[in-house]
Amino acid sequence: MPESTLPATGNFTEHELSFNDFRHIVINDYRIGFESRQASLLGRREVLTGKAKFGIFGDGKEVAQLAMAKAFKKGDWRAGYYRDQTFMFATGMSTLKEFFAQLYAHPDIEKDPASAGRQMNCHYATRFANPDGTMVDQVNTMNSSSDISTTGGHMPRLLGLAYASKLYRQNKELEELKQFSINGNEVAFGSIGNGATSEGIFLETFNAAGVLQVPMAISIWDDAYAISVPASLQTTKEDISEALRGFQREEGTNGYEIFKVRGWDYVALVETYATAIELCRTEHVPVLIHVTEITQPQGHSTSGSHERYKPSERLAWEAEHDCLQQMRRWMINSAIISEQELDELEETAKKHVRNSQREAWNEYSTEIKSELDEAAALIEQYARHSSVKQLGEIAAELRSCVDPGRRDIVSAIRKTLRLTATEDHPERQHLIDRLMHENELNAERYNSKLFSDTPLSPLRVPLVPARYDADARMLDGREILNACFDAAFERDERIVAFGEDVGAIGDVNQGFAGLQAKYGDLRITDTGIRENTIIGQGMGLAMRGLKPIAEIQYLDYWIWAITVLSDDIASLSYRTRGGQKAPLIVRTRGHRLEGIWHSGSPMASLLANLRGMHICVPRNMTQAAGMYNTLLQGDEPAIVIESLNGYRLKEKLPSNIGEFTVPLGKAEVLRQGTDVTVISYGSTLRIVQETADELASMGISIEIIDPQTLYPFDLDEACVRSLQKTSRLLVVDEDVPGGGSAYILQHVVEKQGGYRYLDTAPKTLCAKEHRPPYGSDGDYFTKPSADDIIEAVYNIMHESYPAKFPAIF
């Protein structure tokens with residue numbers, strides 16, 4: 001039997017459909033659902049036998065997902081929950097062999113196109129990013145954005161995928177982008193478990209979609225539990241659709257159309273999805289389909305059994321109301337198929353699933369077995385010449401591995417090389433060469449594509465220096481940014497910006513002042529106070545071919561969006577091995593101003609959580625403008641942190657404000673010096689610059705370096721070249737001690753090898769360990785001041801030349 005004979009997208013509501021056609025569709029649907037169930041059962045066994053590490057499956061939800069698949073069309077998008085395997089099989093976006101390849105963590109894109117073995121099973125994705133940086137024709141494919149394990153974490157992305165359809169329908173300037181949308185007719189399908197609807201991220205998304213009126217269809221798979229916790233402890237009224245009834249639209253209001261249907265009623269499910277999705281698609285009304293009375297035959301996952309927490313009455317009810325059992329009875333009672341024919345169909349389906357599993361396992365294990373044999377042979381060959389007796393044992397242990405992995409191969413080679421470190425023999429060199437080859441292959445398999453790294457990478461954007469007319473005007477920093485954004489919006493109709501207060505007033509610092517009036521409220525838009533979904537909104541737009549700038553009003557509030565930024569955007573390229581991308585630009589402002597939540601510089605938390613996003617820390621608004629110009633030409637996500645106290649400082653307006661670029665990862669030496677290298681960024685950098693003349697008057701020459709971006713950091717190693725001159729290092733930043741400064745030290749001292757040139761211990765000057773208090777005095781006594789910087793540099797020189805630079809106090 002072929003992998004998927006027919007997708008479950010045939011609709012049988014048309015009056016002209018013959019009974020034979022209807023019968024054929026229903027039987028094919030049941031086959032897909034039954035195969036999916038068998039995959040769940042077999043997948044669990046594969047985990048319990050040790051071939052796979054962990055399993056989580058979609059059993060019990062098959063019939064509802066068959067109905068959902070019928071309403072899903074080319075051009076549509078899915079942002080789903082890791083229970084959607086039947087839907088993926090039914091639409092043809094995944095296959096049984098790919099299901100098992102992912103279960104075994106096969107690191108081959110061809111075998112597991114969703115993640116190349118990087119995600120646990122049932123985490124689906126379709127590939128839409130090409131190696132050359134272009135995107136596929138999304139209107140002629142069915143599209144699934146990449147799943148994540150956080151149960152409600154995909155919801156903000158779902159909002160963005162749906163919002164893209166609204167923009168494509170309402171903004172006529174986008175009509176030529178035919179590969180991404182046809183008049184905004186695409187629906188974004190989302191799914192979520194009933195337990196996860198208790199999360200704030202779900203409710204935030206739900207409200208935002210109701211406000212925006214986007215074609216978003218949320219399916220809630222309600223099996224009355226969240227692992228072991230019953231709905232009575234999760235949901236008001238124990239019924240999420242009842243709890244959300246206030247969102248039901250009425251005449252003259254926005255809102256939702258809310259549907260409720262039982263998960264084992266095939267006919268009702270098909271009719272409900274057909275009605276709901278047609279409404280969603282044509283009228284751009286968000287819909288909620290609450291699918292109740294769903295079962296979960298194998299429990300939550302392979303980590304435990306649901307018999308531990310479900311009462312016997314519930315277990316008996318689930319056995320009776322299993323959706324496939326109910327569909328089976330209905331098919332027989334309706335004379336669609338005989339019981340004997342169903343038995344034969346099921347037996348054939350079981351064999352097909354088993355064959356798919358075996359093929360997937362053989363393709364995975366054969367590769368490893370071949371590599372193992374080659375490595376063992378090399379060790380055995382070396383053992384014949386080596387004086388180390390254990391080598392034969394190492395080779396024998398390697399050959400006797402049950403279900404071996406590549407870790408076993410590499411570990412055996414490394415152990416052999418450790419034990420023979422004192423030997424010099426050609427056979428040993430063969431093993432070293434083999435290890436280097438394995439390391440190269442495994443780096444590609446398991447460590448590549450943190451960024452998309454295509455020809456469209458912002459790291460490859462050509463440098464265009466800023467140019468200045470002889471009579472260039474001096475403007476406030478905010479006006480520099482405003483001119484940059486104006487030029488960008490004029491240049492590229494795909495650019496949109498949104499966030500709190502971004503639209504009507506042009507953001508709290510006036511970077512977008514007047515631009516909504518000029519370019520319209522579809523392109524420059526106000527949002528509610530909802531950081532998570534602002535970022536998700538941008539992510540979905542970026543995946544669908546637009547160029548969004550999503551604003552988080554203050555850097556201190558980025559933590560409210562951390563789940564989307566860290567779990568979803570930053571990991572997207574990696575977890576799909578370059579198969580998906582979302583080149584979102586996050587605009588925010590931070591560092592010095594006033595108060596605990598308006599003057600933060602939590603760089604360590606960003607650096608720890610946002611690997612996979614560029615982190616830009618411009619010292620002024622001209623540099624920020626150049627970074628925006630660079631990022632808008634690239635295809636990778638970034639966060640740009642503008643300096644809060646720089647908006648009213650005067651800067652010279654470049655004549656090519658919309659064209660000049662600032663390269664990412666290129667540190668800039670702002671002042672040459674010979675005594676101490678001082679590295680800083682953002683607001684604190686300007687204070688370092690202010691101290692240089694006073695230090696010079698004291699006989700101290702500092703070299704000032706602005707890394708400009710923290711991620712990537714100083715790709716050309718300007719910092720270590722500076723240390724070769726000065727032999728002394730001070731890092732100044734506004735983060736807590738051991739925060740951003742520790743990251744910079746690790747790069748300069750360890751990665752760049754700067755330790756070789758140091759005559760004194762490297763020093764850091766940071767903020768205090770608490771959050772900055774309100775008021776100018778609080779700022780002075782909490783964050784690095786000019787006095788602090790001068791004395792820190794002086795003390796470094798005192799350590800080297802105590803007679804010339806005696807202690808100040």
# chains A, B, ... in the order shown; residues from 1 in each chain; ligands from 1
>>> residues_around(residues="A:Ile56", least_positions_apart="3", cutoff="9 Å", atoms="only C-alpha atoms", output="PyMOL selection string")
chain A and resi 40+43-44+82-83+120-122+300-303
>>> write_last_selection(atoms="N, CA, C and O atoms", output="PDB file, in the first residue's frame")
ATOM      1  N   SER A  40       0.740   4.989  16.751  1.00  0.00           N
ATOM      2  CA  SER A  40       0.850   5.365  18.161  1.00  0.00           C
ATOM      3  C   SER A  40       1.172   4.150  19.021  1.00  0.00           C
ATOM      4  O   SER A  40       2.050   4.198  19.898  1.00  0.00           O
ATOM      5  N   GLY A  43       4.646   2.918  18.140  1.00  0.00           N
ATOM      6  CA  GLY A  43       5.631   3.890  18.604  1.00  0.00           C
ATOM      7  C   GLY A  43       5.904   3.758  20.094  1.00  0.00           C
ATOM      8  O   GLY A  43       7.059   3.845  20.543  1.00  0.00           O
ATOM      9  N   ARG A  44       4.862   3.549  20.868  1.00  0.00           N
ATOM     10  CA  ARG A  44       5.049   3.347  22.305  1.00  0.00           C
ATOM     11  C   ARG A  44       5.904   2.117  22.577  1.00  0.00           C
ATOM     12  O   ARG A  44       6.799   2.142  23.432  1.00  0.00           O
ATOM     13  N   TYR A  82       1.388  18.995  19.775  1.00  0.00           N
ATOM     14  CA  TYR A  82       2.075  17.767  19.384  1.00  0.00           C
ATOM     15  C   TYR A  82       1.195  16.516  19.439  1.00  0.00           C
ATOM     16  O   TYR A  82       1.703  15.403  19.611  1.00  0.00           O
ATOM     17  N   ARG A  83      -0.099  16.675  19.261  1.00  0.00           N
ATOM     18  CA  ARG A  83      -1.013  15.526  19.149  1.00  0.00           C
ATOM     19  C   ARG A  83      -1.605  15.385  17.754  1.00  0.00           C
ATOM     20  O   ARG A  83      -2.530  14.609  17.563  1.00  0.00           O
ATOM     21  N   MET A 120      11.722  15.742  19.330  1.00  0.00           N
ATOM     22  CA  MET A 120      11.063  14.486  19.653  1.00  0.00           C
ATOM     23  C   MET A 120       9.859  14.275  18.743  1.00  0.00           C
ATOM     24  O   MET A 120       9.429  15.190  18.033  1.00  0.00           O
ATOM     25  N   ASN A 121       9.331  13.086  18.771  1.00  0.00           N
ATOM     26  CA  ASN A 121       8.320  12.729  17.783  1.00  0.00           C
ATOM     27  C   ASN A 121       7.067  13.602  17.922  1.00  0.00           C
ATOM     28  O   ASN A 121       6.809  14.214  18.955  1.00  0.00           O
ATOM     29  N   CYS A 122       6.311  13.624  16.839  1.00  0.00           N
ATOM     30  CA  CYS A 122       5.056  14.400  16.753  1.00  0.00           C
ATOM     31  C   CYS A 122       5.277  15.904  16.828  1.00  0.00           C
ATOM     32  O   CYS A 122       4.355  16.652  17.157  1.00  0.00           O
ATOM     33  N   HIS A 300      -0.792  10.134  28.706  1.00  0.00           N
ATOM     34  CA  HIS A 300      -0.116  11.331  28.220  1.00  0.00           C
ATOM     35  C   HIS A 300       1.094  11.009  27.350  1.00  0.00           C
ATOM     36  O   HIS A 300       1.278  11.573  26.278  1.00  0.00           O
ATOM     37  N   SER A 301       1.952  10.115  27.805  1.00  0.00           N
ATOM     38  CA  SER A 301       3.171   9.821  27.077  1.00  0.00           C
ATOM     39  C   SER A 301       3.725   8.495  27.570  1.00  0.00           C
ATOM     40  O   SER A 301       3.143   7.833  28.429  1.00  0.00           O
ATOM     41  N   THR A 302       4.897   8.125  27.055  1.00  0.00           N
ATOM     42  CA  THR A 302       5.537   6.883  27.479  1.00  0.00           C
ATOM     43  C   THR A 302       6.153   6.995  28.868  1.00  0.00           C
ATOM     44  O   THR A 302       6.678   6.009  29.384  1.00  0.00           O
ATOM     45  N   SER A 303       6.098   8.168  29.472  1.00  0.00           N
ATOM     46  CA  SER A 303       6.700   8.325  30.797  1.00  0.00           C
ATOM     47  C   SER A 303       5.783   7.858  31.921  1.00  0.00           C
ATOM     48  O   SER A 303       6.175   7.888  33.088  1.00  0.00           O
TER      49      SER A 303
END
>>> residues_around(residues="stretch 405-409 of chain A", least_positions_apart="5", cutoff="9 Å", atoms="only C-alpha atoms", output="MDAnalysis selection string")
chainID A and resid 365 368:369 371:372 375:376 398 414 438 442
>>> residues_around(residues="A:Glu271", least_positions_apart="5", cutoff="12 Å", atoms="only C-alpha atoms", output="ChimeraX atom specification")
/A:11-14,64,66-68,70-71,259-262,265-266,276-278,289
>>> write_last_selection(atoms="all heavy atoms", output="short mmCIF file (atom, residue, chain, number, x, y, z; two decimals), in the first residue's frame")
data_model
loop_
_atom_site.label_atom_id
_atom_site.label_comp_id
_atom_site.auth_asym_id
_atom_site.auth_seq_id
_atom_site.Cartn_x
_atom_site.Cartn_y
_atom_site.Cartn_z
N ASN A 11 -14.55 16.21 0.50
CA ASN A 11 -15.72 16.67 1.25
C ASN A 11 -16.95 15.97 0.70
O ASN A 11 -17.16 15.92 -0.51
CB ASN A 11 -15.86 18.19 1.12
CG ASN A 11 -16.75 18.76 2.19
OD1 ASN A 11 -17.67 18.09 2.64
ND2 ASN A 11 -16.49 20.00 2.57
N PHE A 12 -17.80 15.43 1.57
CA PHE A 12 -18.96 14.70 1.06
C PHE A 12 -20.27 15.45 1.32
O PHE A 12 -21.33 14.88 1.39
CB PHE A 12 -19.04 13.29 1.66
CG PHE A 12 -19.05 13.22 3.17
CD1 PHE A 12 -20.15 13.64 3.92
CD2 PHE A 12 -17.96 12.69 3.83
CE1 PHE A 12 -20.16 13.54 5.28
CE2 PHE A 12 -17.98 12.59 5.22
CZ PHE A 12 -19.08 13.02 5.94
N THR A 13 -20.18 16.76 1.41
CA THR A 13 -21.40 17.53 1.64
C THR A 13 -22.11 17.91 0.34
O THR A 13 -23.25 18.34 0.36
CB THR A 13 -21.08 18.82 2.42
OG1 THR A 13 -20.10 19.57 1.69
CG2 THR A 13 -20.54 18.48 3.80
N GLU A 14 -21.41 17.79 -0.80
CA GLU A 14 -22.05 18.16 -2.06
C GLU A 14 -23.19 17.20 -2.39
O GLU A 14 -23.05 15.99 -2.29
CB GLU A 14 -21.02 18.15 -3.20
CG GLU A 14 -19.99 19.27 -3.12
CD GLU A 14 -18.78 18.88 -2.26
OE1 GLU A 14 -18.86 17.81 -1.61
OE2 GLU A 14 -17.81 19.64 -2.23
N ALA A 64 -11.49 13.51 14.87
CA ALA A 64 -11.60 14.97 14.81
C ALA A 64 -10.57 15.54 13.84
O ALA A 64 -10.85 16.49 13.08
CB ALA A 64 -11.39 15.56 16.20
N LEU A 66 -9.26 14.01 11.25
CA LEU A 66 -9.68 13.70 9.88
C LEU A 66 -10.65 14.76 9.37
O LEU A 66 -10.56 15.20 8.21
CB LEU A 66 -10.33 12.32 9.83
CG LEU A 66 -9.42 11.12 10.07
CD1 LEU A 66 -10.25 9.87 10.31
CD2 LEU A 66 -8.47 10.92 8.88
N ALA A 67 -11.57 15.16 10.22
CA ALA A 67 -12.54 16.19 9.83
C ALA A 67 -11.84 17.53 9.60
O ALA A 67 -12.16 18.25 8.64
CB ALA A 67 -13.61 16.32 10.91
N MET A 68 -10.91 17.87 10.47
CA MET A 68 -10.19 19.13 10.30
C MET A 68 -9.40 19.12 8.99
O MET A 68 -9.34 20.14 8.29
CB MET A 68 -9.25 19.36 11.48
CG MET A 68 -8.50 20.68 11.43
SD MET A 68 -7.68 21.13 12.98
CE MET A 68 -6.32 19.95 12.97
N LYS A 70 -10.14 17.79 6.22
CA LYS A 70 -11.00 18.02 5.06
C LYS A 70 -11.17 19.49 4.75
O LYS A 70 -11.39 19.87 3.59
CB LYS A 70 -12.37 17.38 5.30
CG LYS A 70 -12.34 15.86 5.29
CD LYS A 70 -13.75 15.31 5.46
CE LYS A 70 -13.71 13.80 5.41
NZ LYS A 70 -13.16 13.30 4.13
N ALA A 71 -11.08 20.33 5.77
CA ALA A 71 -11.27 21.76 5.57
C ALA A 71 -9.98 22.51 5.27
O ALA A 71 -9.99 23.69 4.96
CB ALA A 71 -11.94 22.37 6.81
N PHE A 259 -18.00 26.89 18.31
CA PHE A 259 -18.65 25.62 18.00
C PHE A 259 -18.23 24.58 19.03
O PHE A 259 -17.11 24.61 19.54
CB PHE A 259 -18.24 25.14 16.60
CG PHE A 259 -18.59 26.08 15.49
CD1 PHE A 259 -17.76 27.16 15.18
CD2 PHE A 259 -19.73 25.90 14.73
CE1 PHE A 259 -18.06 28.04 14.15
CE2 PHE A 259 -20.06 26.77 13.70
CZ PHE A 259 -19.22 27.85 13.41
N LYS A 260 -19.14 23.66 19.31
CA LYS A 260 -18.83 22.55 20.21
C LYS A 260 -19.31 21.27 19.54
O LYS A 260 -20.44 21.20 19.04
CB LYS A 260 -19.49 22.73 21.57
CG LYS A 260 -19.14 21.62 22.56
CD LYS A 260 -19.90 21.76 23.88
CE LYS A 260 -19.34 22.89 24.71
NZ LYS A 260 -19.94 22.91 26.08
N VAL A 261 -18.45 20.26 19.54
CA VAL A 261 -18.78 19.01 18.87
C VAL A 261 -18.05 17.87 19.57
O VAL A 261 -16.97 18.05 20.11
CB VAL A 261 -18.40 19.09 17.37
CG1 VAL A 261 -16.91 19.32 17.19
CG2 VAL A 261 -18.86 17.86 16.61
N ARG A 262 -18.66 16.70 19.57
CA ARG A 262 -18.06 15.55 20.25
C ARG A 262 -17.01 14.88 19.36
O ARG A 262 -17.21 14.72 18.15
CB ARG A 262 -19.15 14.55 20.63
CG ARG A 262 -20.10 15.10 21.70
CD ARG A 262 -21.22 14.15 22.02
NE ARG A 262 -22.07 13.88 20.87
CZ ARG A 262 -23.26 13.26 20.94
NH1 ARG A 262 -23.70 12.85 22.12
NH2 ARG A 262 -23.96 13.05 19.86
N ASP A 265 -17.92 11.71 16.99
CA ASP A 265 -19.05 11.80 16.06
C ASP A 265 -18.54 12.27 14.70
O ASP A 265 -18.45 13.46 14.42
CB ASP A 265 -20.09 12.77 16.62
CG ASP A 265 -21.40 12.74 15.85
OD1 ASP A 265 -21.39 12.36 14.66
OD2 ASP A 265 -22.43 13.11 16.44
N TYR A 266 -18.24 11.32 13.84
CA TYR A 266 -17.60 11.62 12.56
C TYR A 266 -18.43 12.58 11.71
O TYR A 266 -17.91 13.58 11.20
CB TYR A 266 -17.36 10.30 11.81
CG TYR A 266 -16.83 10.45 10.40
CD1 TYR A 266 -15.51 10.77 10.15
CD2 TYR A 266 -17.67 10.24 9.29
CE1 TYR A 266 -15.02 10.88 8.86
CE2 TYR A 266 -17.19 10.35 7.99
CZ TYR A 266 -15.86 10.67 7.79
OH TYR A 266 -15.39 10.78 6.51
N ALA A 276 -17.51 25.89 10.01
CA ALA A 276 -16.66 26.83 10.75
C ALA A 276 -15.56 27.39 9.87
O ALA A 276 -15.30 28.61 9.89
CB ALA A 276 -16.07 26.13 11.97
N ILE A 277 -14.90 26.55 9.11
CA ILE A 277 -13.76 27.02 8.32
C ILE A 277 -14.21 27.86 7.14
O ILE A 277 -13.55 28.82 6.76
CB ILE A 277 -12.88 25.83 7.87
CG1 ILE A 277 -12.39 25.06 9.10
CG2 ILE A 277 -11.71 26.33 7.04
CD1 ILE A 277 -11.66 25.89 10.15
N GLU A 278 -15.34 27.53 6.55
CA GLU A 278 -15.86 28.36 5.45
C GLU A 278 -16.16 29.77 5.96
O GLU A 278 -15.84 30.77 5.29
CB GLU A 278 -17.11 27.72 4.85
CG GLU A 278 -17.72 28.51 3.70
CD GLU A 278 -16.81 28.62 2.49
OE1 GLU A 278 -15.86 27.82 2.37
OE2 GLU A 278 -17.06 29.52 1.66
N ILE A 289 -13.36 25.80 17.74
CA ILE A 289 -14.04 24.50 17.67
C ILE A 289 -13.61 23.72 18.91
O ILE A 289 -12.45 23.28 19.01
CB ILE A 289 -13.69 23.73 16.39
CG1 ILE A 289 -14.07 24.55 15.15
CG2 ILE A 289 -14.41 22.40 16.36
CD1 ILE A 289 -12.89 25.15 14.42
#
>>> select_by_dssp(residues="stretch 277-515 of chain A", states="strand (DSSP E)", output="ChimeraX atom specification")
/A:287-292,474-476,495-499
>>> write_last_selection(atoms="C-alpha atoms", output="PDB file, in the first residue's frame")
ATOM      1  CA  VAL A 287     -13.547  30.513  15.157  1.00  0.00           C
ATOM      2  CA  LEU A 288     -13.229  28.193  18.117  1.00  0.00           C
ATOM      3  CA  ILE A 289     -14.038  24.502  17.673  1.00  0.00           C
ATOM      4  CA  HIS A 290     -14.252  22.888  21.088  1.00  0.00           C
ATOM      5  CA  VAL A 291     -13.946  19.136  20.514  1.00  0.00           C
ATOM      6  CA  THR A 292     -15.196  17.374  23.620  1.00  0.00           C
ATOM      7  CA  MET A 474      21.876  68.258  13.480  1.00  0.00           C
ATOM      8  CA  LEU A 475      18.720  66.509  14.647  1.00  0.00           C
ATOM      9  CA  ASP A 476      17.466  64.746  17.747  1.00  0.00           C
ATOM     10  CA  ILE A 495       7.561  46.393   5.948  1.00  0.00           C
ATOM     11  CA  VAL A 496       5.058  46.719   8.803  1.00  0.00           C
ATOM     12  CA  ALA A 497       5.507  47.952  12.364  1.00  0.00           C
ATOM     13  CA  PHE A 498       3.320  47.489  15.402  1.00  0.00           C
ATOM     14  CA  GLY A 499       3.348  47.609  19.156  1.00  0.00           C
TER      15      GLY A 499
END
>>> closest_atom_pairs(of="stretch 207-281 of chain A", to="stretch 136-151 of chain A", cutoff="12 Å", atoms="only C-alpha atoms", output="JSON lines")
{"residue": "A:Ile220", "atom": "CA", "partner": "A:Thr151", "partner_atom": "CA", "distance": 11.8}
{"residue": "A:Ala226", "atom": "CA", "partner": "A:Thr151", "partner_atom": "CA", "distance": 10.3}
{"residue": "A:Ile227", "atom": "CA", "partner": "A:Thr151", "partner_atom": "CA", "distance": 11.6}
>>> closest_residue(among="A:Ala79, A:Val720, A:Leu17, A:Ala667", to="A:Leu161", atoms="only C-alpha atoms")
A:Ala79
>>> residues_around(residues="A:Glu238", least_positions_apart="6", cutoff="12 Å", atoms="only C-alpha atoms", output="list of chain:residue names")
A:Asn194, A:Gly195, A:Thr197, A:Ser198, A:Asp222, A:Asp223, A:Ala224, A:Tyr225, A:Val229, A:Pro230, A:Ala231, A:Ser232, A:Leu244, A:Thr292
>>> closest_residue(among="A:Arg445, A:Leu729, A:Thr677, A:Met155", to="A:Gly578", atoms="only C-alpha atoms")
A:Arg445
>>> residues_around(residues="stretch 512-528 of chain A", least_positions_apart="3", cutoff="9 Å", atoms="only C-alpha atoms", output="count of residues only")
31
>>> residues_around(residues="A:Gly754", least_positions_apart="4", cutoff="7 Å", atoms="only C-alpha atoms", output="MDAnalysis selection string")
chainID A and resid 720 723 748:750 758
>>> write_last_selection(atoms="N, CA, C and O atoms", output="compact mmCIF listing (two decimals), in the first residue's frame")
# COMPACT_ATOMS: atom_id res chain seq x y z
N VAL A 720 41.11 41.68 20.53
CA VAL A 720 42.39 41.06 20.87
C VAL A 720 43.55 41.81 20.20
O VAL A 720 44.66 41.89 20.75
N LEU A 723 44.39 44.47 22.54
CA LEU A 723 45.15 43.99 23.70
C LEU A 723 46.62 43.78 23.37
O LEU A 723 47.48 43.90 24.26
N VAL A 748 36.75 37.59 24.57
CA VAL A 748 38.03 38.26 24.34
C VAL A 748 39.19 37.49 24.95
O VAL A 748 40.22 37.26 24.31
N VAL A 749 39.03 37.06 26.19
CA VAL A 749 40.14 36.44 26.90
C VAL A 749 40.32 34.98 26.50
O VAL A 749 41.44 34.52 26.26
N GLU A 750 39.20 34.24 26.36
CA GLU A 750 39.31 32.82 26.05
C GLU A 750 39.23 32.56 24.55
O GLU A 750 40.16 32.01 23.95
N LEU A 758 47.85 39.82 28.26
CA LEU A 758 47.50 40.60 29.45
C LEU A 758 48.68 40.68 30.41
O LEU A 758 49.31 39.67 30.75
>>> residues_around(residues="A:Phe128", least_positions_apart="6", cutoff="7 Å", atoms="only C-alpha atoms", output="PyMOL selection string")
chain A and resi 135-136+579-580
>>> write_last_selection(atoms="C-alpha atoms", output="short mmCIF file (atom, residue, chain, number, x, y, z; two decimals), in the first residue's frame")
data_model
loop_
_atom_site.label_atom_id
_atom_site.label_comp_id
_atom_site.auth_asym_id
_atom_site.auth_seq_id
_atom_site.Cartn_x
_atom_site.Cartn_y
_atom_site.Cartn_z
CA MET A 135 10.91 30.84 0.09
CA VAL A 136 8.73 28.25 -1.59
CA GLY A 579 13.87 24.50 6.86
CA GLN A 580 12.00 27.47 8.31
#
>>> closest_residue(among="A:Asp112, A:Ser165, A:Met331, A:Ile705", to="A:Glu283", atoms="only C-alpha atoms")
A:Ser165
